[in-house]
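run-v9.txt follows; it contains compact mmCIF, N, CA and C atoms.
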```
# COMPACT_ATOMS: atom_id res chain seq x y z
N MET A 1 111.64 160.42 189.22
CA MET A 1 112.75 159.53 189.45
C MET A 1 113.88 159.96 188.55
N SER A 2 115.04 160.07 189.10
CA SER A 2 116.18 160.51 188.32
C SER A 2 117.07 159.32 187.97
N GLU A 3 117.88 159.52 186.97
CA GLU A 3 118.80 158.48 186.52
C GLU A 3 119.83 158.18 187.62
N VAL A 4 120.06 156.93 187.87
CA VAL A 4 121.03 156.53 188.88
C VAL A 4 122.34 156.22 188.18
N LYS A 5 123.39 156.89 188.60
CA LYS A 5 124.71 156.60 188.05
C LYS A 5 125.25 155.35 188.72
N ARG A 6 125.70 154.42 187.90
CA ARG A 6 126.24 153.15 188.39
C ARG A 6 127.74 153.12 188.11
N TYR A 7 128.45 152.40 188.95
CA TYR A 7 129.90 152.35 188.84
C TYR A 7 130.41 150.91 188.92
N SER A 8 131.54 150.68 188.29
CA SER A 8 132.24 149.40 188.39
C SER A 8 133.65 149.66 188.91
N HIS A 9 134.16 148.69 189.64
CA HIS A 9 135.53 148.80 190.14
C HIS A 9 136.46 148.31 189.05
N ASN A 10 137.47 149.10 188.74
CA ASN A 10 138.37 148.76 187.64
C ASN A 10 139.82 148.75 188.11
N GLY A 11 140.11 147.84 188.99
CA GLY A 11 141.49 147.65 189.45
C GLY A 11 142.13 148.91 189.97
N LEU A 12 143.29 149.25 189.44
CA LEU A 12 144.05 150.40 189.90
C LEU A 12 143.40 151.73 189.53
N ARG A 13 142.55 151.72 188.56
CA ARG A 13 141.91 152.96 188.12
C ARG A 13 140.75 153.36 189.02
N GLY A 14 140.36 152.51 189.93
CA GLY A 14 139.30 152.84 190.88
C GLY A 14 137.91 152.62 190.31
N MET A 15 136.99 153.45 190.76
CA MET A 15 135.60 153.33 190.34
C MET A 15 135.37 154.13 189.06
N LEU A 16 134.79 153.48 188.07
CA LEU A 16 134.47 154.13 186.81
C LEU A 16 132.98 154.01 186.55
N GLU A 17 132.40 155.07 186.01
CA GLU A 17 130.98 155.03 185.69
C GLU A 17 130.76 153.98 184.60
N HIS A 18 129.76 153.11 184.85
CA HIS A 18 129.47 152.04 183.91
C HIS A 18 127.97 151.74 183.96
N LYS A 19 127.36 151.62 182.79
CA LYS A 19 125.91 151.44 182.69
C LYS A 19 125.40 150.23 183.49
N ALA A 20 126.16 149.16 183.52
CA ALA A 20 125.74 147.94 184.22
C ALA A 20 126.55 147.72 185.50
N GLY A 21 127.12 148.80 186.05
CA GLY A 21 127.94 148.67 187.25
C GLY A 21 127.17 148.15 188.44
N ARG A 22 127.90 147.56 189.39
CA ARG A 22 127.27 146.98 190.57
C ARG A 22 127.21 147.94 191.74
N TYR A 23 127.74 149.14 191.60
CA TYR A 23 127.83 150.08 192.72
C TYR A 23 127.13 151.39 192.38
N VAL A 24 126.60 152.04 193.42
CA VAL A 24 126.04 153.39 193.30
C VAL A 24 126.64 154.24 194.42
N SER A 25 126.54 155.54 194.30
CA SER A 25 127.08 156.39 195.36
C SER A 25 126.19 156.28 196.60
N TYR A 26 126.79 156.41 197.76
CA TYR A 26 126.04 156.30 199.00
C TYR A 26 124.94 157.36 199.08
N GLU A 27 125.24 158.59 198.66
CA GLU A 27 124.27 159.67 198.73
C GLU A 27 123.03 159.35 197.89
N ARG A 28 123.25 158.85 196.68
CA ARG A 28 122.12 158.51 195.81
C ARG A 28 121.34 157.33 196.38
N TYR A 29 122.06 156.35 196.92
CA TYR A 29 121.41 155.20 197.54
C TYR A 29 120.54 155.65 198.71
N ALA A 30 121.07 156.54 199.54
CA ALA A 30 120.32 157.02 200.70
C ALA A 30 119.08 157.79 200.26
N ALA A 31 119.20 158.58 199.21
CA ALA A 31 118.05 159.33 198.70
C ALA A 31 116.97 158.39 198.17
N LEU A 32 117.38 157.36 197.43
CA LEU A 32 116.43 156.38 196.92
C LEU A 32 115.76 155.61 198.05
N LYS A 33 116.54 155.27 199.07
CA LYS A 33 115.99 154.54 200.22
C LYS A 33 114.97 155.40 200.95
N ALA A 34 115.27 156.68 201.13
CA ALA A 34 114.33 157.58 201.80
C ALA A 34 113.04 157.71 200.98
N GLU A 35 113.18 157.81 199.67
CA GLU A 35 112.00 157.91 198.80
C GLU A 35 111.17 156.64 198.89
N ARG A 36 111.84 155.49 198.88
CA ARG A 36 111.13 154.22 199.00
C ARG A 36 110.42 154.10 200.33
N ASP A 37 111.09 154.50 201.42
CA ASP A 37 110.48 154.42 202.75
C ASP A 37 109.26 155.32 202.86
N GLU A 38 109.33 156.49 202.25
CA GLU A 38 108.19 157.42 202.27
C GLU A 38 106.99 156.82 201.52
N LEU A 39 107.24 156.21 200.37
CA LEU A 39 106.16 155.58 199.61
C LEU A 39 105.59 154.38 200.37
N ALA A 40 106.46 153.61 201.01
CA ALA A 40 105.99 152.46 201.77
C ALA A 40 105.12 152.90 202.95
N ALA A 41 105.51 153.98 203.61
CA ALA A 41 104.71 154.49 204.73
C ALA A 41 103.34 154.96 204.25
N GLU A 42 103.31 155.63 203.11
CA GLU A 42 102.04 156.09 202.55
C GLU A 42 101.13 154.90 202.26
N ASN A 43 101.65 153.85 201.68
CA ASN A 43 100.85 152.68 201.34
C ASN A 43 100.48 151.86 202.57
N GLU A 44 101.35 151.84 203.57
CA GLU A 44 101.03 151.13 204.81
C GLU A 44 99.86 151.81 205.52
N GLU A 45 99.89 153.13 205.55
CA GLU A 45 98.79 153.88 206.18
C GLU A 45 97.48 153.63 205.43
N LYS A 46 97.56 153.60 204.11
CA LYS A 46 96.38 153.35 203.30
C LYS A 46 95.79 151.97 203.62
N ALA A 47 96.63 150.96 203.70
CA ALA A 47 96.16 149.62 204.01
C ALA A 47 95.56 149.54 205.41
N LYS A 48 96.18 150.23 206.35
CA LYS A 48 95.70 150.23 207.73
C LYS A 48 94.30 150.85 207.82
N VAL A 49 94.13 151.98 207.17
CA VAL A 49 92.83 152.65 207.19
C VAL A 49 91.77 151.78 206.52
N LEU A 50 92.11 151.18 205.39
CA LEU A 50 91.13 150.33 204.71
C LEU A 50 90.74 149.12 205.56
N CYS A 51 91.70 148.53 206.25
CA CYS A 51 91.38 147.39 207.12
C CYS A 51 90.46 147.82 208.26
N ASP A 52 90.70 149.03 208.80
CA ASP A 52 89.84 149.53 209.87
C ASP A 52 88.42 149.77 209.38
N ILE A 53 88.30 150.30 208.17
CA ILE A 53 86.99 150.67 207.63
C ILE A 53 86.21 149.47 207.15
N LEU A 54 86.88 148.59 206.44
CA LEU A 54 86.19 147.49 205.77
C LEU A 54 86.20 146.23 206.62
N GLN A 55 85.60 146.32 207.80
CA GLN A 55 85.48 145.16 208.67
C GLN A 55 84.43 144.21 208.08
N PRO A 56 84.60 142.90 208.27
CA PRO A 56 83.65 141.94 207.69
C PRO A 56 82.20 142.16 208.14
N GLU A 57 82.02 142.63 209.37
CA GLU A 57 80.66 142.82 209.87
C GLU A 57 80.01 144.10 209.33
N ALA A 58 80.76 144.96 208.69
CA ALA A 58 80.21 146.21 208.16
C ALA A 58 79.70 145.97 206.75
N ALA A 59 78.42 145.62 206.63
CA ALA A 59 77.85 145.32 205.32
C ALA A 59 77.66 146.58 204.49
N VAL A 60 77.28 147.66 205.13
CA VAL A 60 77.04 148.91 204.41
C VAL A 60 77.89 150.01 205.06
N LEU A 61 78.57 150.76 204.23
CA LEU A 61 79.38 151.86 204.73
C LEU A 61 78.57 153.14 204.71
N ASP A 62 78.60 153.88 205.80
CA ASP A 62 77.92 155.18 205.77
C ASP A 62 78.80 156.18 205.01
N ARG A 63 78.26 157.36 204.76
CA ARG A 63 78.96 158.37 203.94
C ARG A 63 80.35 158.71 204.49
N LYS A 64 80.45 158.88 205.80
CA LYS A 64 81.73 159.23 206.42
C LYS A 64 82.78 158.16 206.14
N HIS A 65 82.41 156.91 206.29
CA HIS A 65 83.34 155.82 206.07
C HIS A 65 83.68 155.66 204.58
N ARG A 66 82.69 155.88 203.72
CA ARG A 66 82.96 155.82 202.28
C ARG A 66 83.99 156.86 201.88
N ASN A 67 83.80 158.10 202.36
CA ASN A 67 84.75 159.17 202.05
C ASN A 67 86.13 158.87 202.60
N ARG A 68 86.17 158.31 203.80
CA ARG A 68 87.45 157.96 204.40
C ARG A 68 88.15 156.86 203.60
N ALA A 69 87.37 155.89 203.14
CA ALA A 69 87.93 154.80 202.33
C ALA A 69 88.46 155.33 201.00
N LEU A 70 87.70 156.21 200.36
CA LEU A 70 88.15 156.76 199.08
C LEU A 70 89.42 157.59 199.23
N SER A 71 89.49 158.39 200.30
CA SER A 71 90.70 159.18 200.48
C SER A 71 91.89 158.30 200.84
N ALA A 72 91.64 157.17 201.51
CA ALA A 72 92.73 156.26 201.86
C ALA A 72 93.28 155.54 200.63
N ILE A 73 92.43 155.29 199.67
CA ILE A 73 92.85 154.59 198.46
C ILE A 73 93.79 155.46 197.63
N GLN A 74 93.59 156.76 197.66
CA GLN A 74 94.43 157.65 196.88
C GLN A 74 95.82 157.76 197.51
N ALA A 75 96.84 157.64 196.68
CA ALA A 75 98.22 157.72 197.14
C ALA A 75 98.99 158.60 196.17
N PRO A 76 98.90 159.93 196.32
CA PRO A 76 99.49 160.82 195.32
C PRO A 76 101.01 160.69 195.18
N ASP A 77 101.73 160.45 196.27
CA ASP A 77 103.18 160.30 196.15
C ASP A 77 103.53 159.05 195.35
N THR A 78 102.81 157.96 195.63
CA THR A 78 103.04 156.72 194.89
C THR A 78 102.66 156.90 193.43
N ASP A 79 101.53 157.55 193.17
CA ASP A 79 101.12 157.80 191.78
C ASP A 79 102.15 158.63 191.04
N ALA A 80 102.67 159.66 191.68
CA ALA A 80 103.67 160.52 191.05
C ALA A 80 104.95 159.72 190.77
N TYR A 81 105.35 158.89 191.71
CA TYR A 81 106.54 158.07 191.51
C TYR A 81 106.34 157.10 190.34
N LEU A 82 105.20 156.42 190.33
CA LEU A 82 104.94 155.47 189.24
C LEU A 82 104.86 156.19 187.89
N ASN A 83 104.28 157.38 187.87
CA ASN A 83 104.23 158.15 186.62
C ASN A 83 105.63 158.51 186.16
N SER A 84 106.53 158.83 187.09
CA SER A 84 107.90 159.15 186.69
C SER A 84 108.61 157.91 186.15
N VAL A 85 108.32 156.74 186.72
CA VAL A 85 108.89 155.49 186.20
C VAL A 85 108.37 155.22 184.79
N ARG A 86 107.07 155.42 184.60
CA ARG A 86 106.48 155.21 183.27
C ARG A 86 107.08 156.18 182.25
N ALA A 87 107.22 157.44 182.64
CA ALA A 87 107.79 158.44 181.74
C ALA A 87 109.23 158.10 181.39
N GLU A 88 109.98 157.63 182.36
CA GLU A 88 111.37 157.25 182.11
C GLU A 88 111.44 156.06 181.16
N ALA A 89 110.53 155.10 181.32
CA ALA A 89 110.50 153.94 180.42
C ALA A 89 110.20 154.38 178.98
N ILE A 90 109.26 155.29 178.83
CA ILE A 90 108.94 155.80 177.50
C ILE A 90 110.15 156.51 176.90
N SER A 91 110.78 157.37 177.68
CA SER A 91 111.95 158.10 177.20
C SER A 91 113.09 157.16 176.82
N ASN A 92 113.32 156.13 177.64
CA ASN A 92 114.38 155.16 177.33
C ASN A 92 114.07 154.39 176.05
N ALA A 93 112.81 154.02 175.86
CA ALA A 93 112.42 153.31 174.64
C ALA A 93 112.62 154.20 173.42
N LEU A 94 112.25 155.46 173.55
CA LEU A 94 112.43 156.39 172.43
C LEU A 94 113.91 156.60 172.12
N ASP A 95 114.72 156.72 173.16
CA ASP A 95 116.17 156.88 172.95
C ASP A 95 116.77 155.68 172.23
N SER A 96 116.32 154.49 172.62
CA SER A 96 116.90 153.29 172.02
C SER A 96 116.39 153.02 170.61
N SER A 97 115.31 153.68 170.21
CA SER A 97 114.77 153.45 168.86
C SER A 97 114.84 154.70 167.99
N SER A 98 115.74 155.60 168.31
CA SER A 98 115.83 156.86 167.57
C SER A 98 116.21 156.65 166.10
N ALA A 99 116.85 155.55 165.79
CA ALA A 99 117.24 155.28 164.39
C ALA A 99 116.02 155.12 163.49
N LEU A 100 114.87 154.78 164.07
CA LEU A 100 113.65 154.62 163.27
C LEU A 100 113.18 155.94 162.67
N CYS A 101 113.65 157.05 163.21
CA CYS A 101 113.27 158.37 162.72
C CYS A 101 114.23 158.89 161.66
N ASP A 102 115.28 158.16 161.39
CA ASP A 102 116.28 158.57 160.41
C ASP A 102 116.07 157.80 159.11
N PRO A 103 115.67 158.49 158.03
CA PRO A 103 115.38 157.79 156.77
C PRO A 103 116.55 156.95 156.25
N ASP A 104 117.76 157.42 156.42
CA ASP A 104 118.91 156.66 155.93
C ASP A 104 119.06 155.34 156.69
N CYS A 105 118.87 155.37 158.00
CA CYS A 105 118.95 154.14 158.80
C CYS A 105 117.83 153.18 158.42
N VAL A 106 116.63 153.71 158.22
CA VAL A 106 115.49 152.87 157.83
C VAL A 106 115.74 152.26 156.46
N MET A 107 116.25 153.05 155.55
CA MET A 107 116.52 152.58 154.19
C MET A 107 117.55 151.46 154.22
N ASP A 108 118.62 151.63 154.98
CA ASP A 108 119.65 150.61 155.08
C ASP A 108 119.16 149.34 155.78
N ALA A 109 118.40 149.51 156.85
CA ALA A 109 117.95 148.36 157.63
C ALA A 109 116.94 147.50 156.88
N HIS A 110 116.11 148.13 156.05
CA HIS A 110 115.03 147.38 155.39
C HIS A 110 115.22 147.24 153.89
N ASP A 111 116.31 147.78 153.37
CA ASP A 111 116.61 147.70 151.94
C ASP A 111 115.41 148.18 151.11
N ILE A 112 114.97 149.39 151.41
CA ILE A 112 113.83 149.97 150.69
C ILE A 112 114.27 151.29 150.07
N SER A 113 113.39 151.84 149.22
CA SER A 113 113.71 153.10 148.54
C SER A 113 113.72 154.25 149.54
N HIS A 114 114.36 155.35 149.13
CA HIS A 114 114.44 156.52 149.99
C HIS A 114 113.04 157.09 150.27
N GLU A 115 112.16 157.06 149.28
CA GLU A 115 110.80 157.58 149.46
C GLU A 115 110.04 156.78 150.51
N ASP A 116 110.16 155.43 150.45
CA ASP A 116 109.49 154.58 151.44
C ASP A 116 110.10 154.80 152.83
N ALA A 117 111.41 154.95 152.86
CA ALA A 117 112.08 155.20 154.14
C ALA A 117 111.63 156.53 154.73
N GLU A 118 111.46 157.55 153.89
CA GLU A 118 110.96 158.85 154.35
C GLU A 118 109.58 158.71 154.97
N LEU A 119 108.70 157.95 154.32
CA LEU A 119 107.34 157.75 154.85
C LEU A 119 107.39 157.04 156.21
N ARG A 120 108.17 155.98 156.28
CA ARG A 120 108.26 155.23 157.54
C ARG A 120 108.86 156.09 158.65
N SER A 121 109.93 156.79 158.34
CA SER A 121 110.60 157.57 159.39
C SER A 121 109.76 158.76 159.81
N SER A 122 108.98 159.34 158.89
CA SER A 122 108.12 160.46 159.30
C SER A 122 107.00 159.96 160.22
N GLY A 123 106.48 158.76 159.93
CA GLY A 123 105.48 158.17 160.83
C GLY A 123 106.07 157.86 162.19
N ALA A 124 107.28 157.34 162.19
CA ALA A 124 107.96 157.03 163.46
C ALA A 124 108.23 158.31 164.25
N ALA A 125 108.59 159.38 163.53
CA ALA A 125 108.87 160.66 164.20
C ALA A 125 107.60 161.22 164.84
N GLU A 126 106.46 161.09 164.13
CA GLU A 126 105.19 161.57 164.69
C GLU A 126 104.83 160.77 165.94
N LEU A 127 104.98 159.46 165.86
CA LEU A 127 104.71 158.61 167.02
C LEU A 127 105.64 158.97 168.18
N SER A 128 106.90 159.19 167.86
CA SER A 128 107.88 159.56 168.88
C SER A 128 107.48 160.87 169.57
N ASP A 129 107.04 161.85 168.78
CA ASP A 129 106.62 163.13 169.35
C ASP A 129 105.41 162.96 170.27
N GLU A 130 104.45 162.13 169.85
CA GLU A 130 103.26 161.89 170.68
C GLU A 130 103.63 161.19 171.99
N LEU A 131 104.50 160.20 171.89
CA LEU A 131 104.92 159.49 173.10
C LEU A 131 105.71 160.39 174.04
N LEU A 132 106.54 161.25 173.47
CA LEU A 132 107.30 162.18 174.30
C LEU A 132 106.37 163.17 175.00
N ALA A 133 105.34 163.62 174.29
CA ALA A 133 104.34 164.52 174.90
C ALA A 133 103.62 163.80 176.04
N TYR A 134 103.29 162.53 175.83
CA TYR A 134 102.62 161.76 176.88
C TYR A 134 103.55 161.57 178.09
N ALA A 135 104.82 161.30 177.85
CA ALA A 135 105.78 161.16 178.95
C ALA A 135 105.88 162.47 179.73
N ASN A 136 105.86 163.59 179.03
CA ASN A 136 105.90 164.89 179.71
C ASN A 136 104.64 165.13 180.53
N GLN A 137 103.49 164.66 180.04
CA GLN A 137 102.25 164.76 180.81
C GLN A 137 102.37 163.95 182.10
N LEU A 138 102.93 162.75 181.99
CA LEU A 138 103.11 161.92 183.18
C LEU A 138 104.01 162.61 184.19
N ARG A 139 105.10 163.21 183.72
CA ARG A 139 106.02 163.91 184.62
C ARG A 139 105.35 165.11 185.27
N ALA A 140 104.42 165.74 184.56
CA ALA A 140 103.74 166.92 185.08
C ALA A 140 102.62 166.55 186.05
N GLY A 141 102.38 165.26 186.22
CA GLY A 141 101.35 164.83 187.17
C GLY A 141 100.01 164.54 186.54
N LYS A 142 99.95 164.60 185.22
CA LYS A 142 98.72 164.27 184.53
C LYS A 142 98.88 162.88 183.98
N ASP A 143 97.91 162.01 184.25
CA ASP A 143 98.08 160.61 183.83
C ASP A 143 97.48 160.33 182.47
N GLY A 144 97.19 161.35 181.69
CA GLY A 144 96.71 161.14 180.35
C GLY A 144 95.23 160.90 180.25
N LYS A 145 94.51 160.99 181.36
CA LYS A 145 93.06 160.76 181.33
C LYS A 145 92.34 162.02 180.96
```
For the file at hand, write its structure as structure tokens.
Amino acid sequence: MSEVKRYSHNGLRGMLEHKAGRYVSYERYAALKAERDELAAENEEKAKVLCDILQPEAAVLDRKHRNRALSAIQAPDTDAYLNSVRAEAISNALDSSSALCDPDCVMDAHDISHEDAELRSSGAAELSDELLAYANQLRAGKDGK
């Protein structure tokens, strides 16, 4: 999932990029809609197959039906999309908390010594690196398992 540029209307100056804008470009909107429709179709097919397989009168599934049910449950496009959303959330959280890795910011915010701030910020930096590595795993299609 890529970052969506948002815009606000600003009188005579026209459309300006704005983080909380109410407008997006038509091309980006169309691309997002197509992506959403593709994921919805994948999940609709999965639900349809499962309903066909798991009829109330079918107490025991034979091997063929079990395999069909298992393959229907898997939705790789949806999983990849959700992993990209998770990775983006991690990246956004890290971006918004980058001051925790700066000893001077930590020292000022908590009124502590430079040595204590160094310890805290180095721990935060290590955590940040681990989370960033995990976000990259999610983007690469590995869910961390």
- Message: Just list as a PyMOL selection string whatever in range 5-40 of chain A DSSP marks as strand (DSSP E).
- Response: chain A and resi 6-9+15-17+23-24
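For Ala87 in chain A, the non-local neighbours within 6.5 Å, defined as residues at least 5 positions apart in the same chain or in other chains and counting all atoms listed in the file, are A:Leu82, A:Asn92, A:Tyr134, A:Ala135, A:Asn136, A:Leu138, A:Arg139.
If you look at CA of Pro103 in chain A and CA of Leu119 in chain A, they are 8.3 Å away from each other.
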- Query: Neighbours of Lys19 in chain A within 7 Å (all atoms listed in the file; same-chain residues fewer than 2 positions away dropped), as a PyMOL selection string?
  - Reply: chain A and resi 6-8+17+21-22
- Task: Work out how far CA of Ser25 in chain A is from CA of Gly11 in chain A, in Å to one decimal.
- Result: 17.9 Å
- Query: Closest to Ala124 in chain A among A:Val24, A:Met107, A:Ile73, A:Ala99, using only C-alpha atoms?
  - Reply: A:Ala99
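Across the structure, CA of Ala20 in chain A and atom C of Glu88 in chain A are spaced 16.7 Å apart.
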- Message: According to DSSP computed on the backbone, where in chain A is there alpha helix (DSSP H)? Give the residues as JSON, numbers by chain.
- Response: {"A": [26, 27, 28, 29, 30, 31, 32, 33, 34, 35, 36, 37, 38, 39, 40, 41, 42, 43, 44, 45, 46, 47, 48, 49, 50, 51, 52, 53, 63, 64, 65, 66, 67, 68, 69, 70, 71, 72, 73, 76, 77, 78, 79, 80, 81, 82, 83, 84, 85, 86, 87, 88, 89, 90, 91, 92, 93, 94, 95, 96, 103, 104, 105, 106, 107, 108, 109, 110, 114, 115, 116, 117, 118, 119, 120, 121, 122, 123, 124, 125, 126, 127, 128, 129, 130, 131, 132, 133, 134, 135, 136, 137, 138, 139]}
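When all atoms listed in the file are used to compute distances to Glu126 in chain A, the closest of the residues A:Cys101, A:Met15, A:Ala109, A:Ile90 turns out to be A:Cys101.
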- Query: Which residue, A:Ala30, A:Ala125, A:Ile112, A:Ala80, has the smallest gap to Gly141 in chain A when you use only C-alpha atoms?
  - Reply: A:Ala80
Could the centre and edge lengths of an axis-aligned box, enclosing all atoms of range 95-109 of chain A in the file with 4 Å extra on each side, be given in Å to one decimal as AutoDock Vina command-line options?
```
--center_x 116.4 --center_y 153.2 --center_z 163.7 --size_x 14.5 --size_y 19.4 --size_z 27.0
```
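By chain and then residue number, the residues within 12 Å of range 75-79 of chain A are A:Met1, A:Glu35, A:Arg36, A:Asp37, A:Glu38, A:Leu39, A:Ala40, A:Ala41, A:Glu42, A:Asn43, A:Glu44, A:Glu45, A:Lys46, A:Ala47, A:Ala69, A:Leu70, A:Ser71, A:Asn83, A:Ser84, A:Val85, A:Arg86, A:Leu138, A:Arg139, A:Ala140, A:Gly141, A:Lys142, A:Asp143, counting only C-alpha atoms and disregarding those fewer than 4 positions away in sequence.
Closest approach to His18 in chain A from the set A:Arg68, A:Arg120, A:His110, A:Lys5 is made by A:Lys5, with distances taken over all atoms listed in the file.
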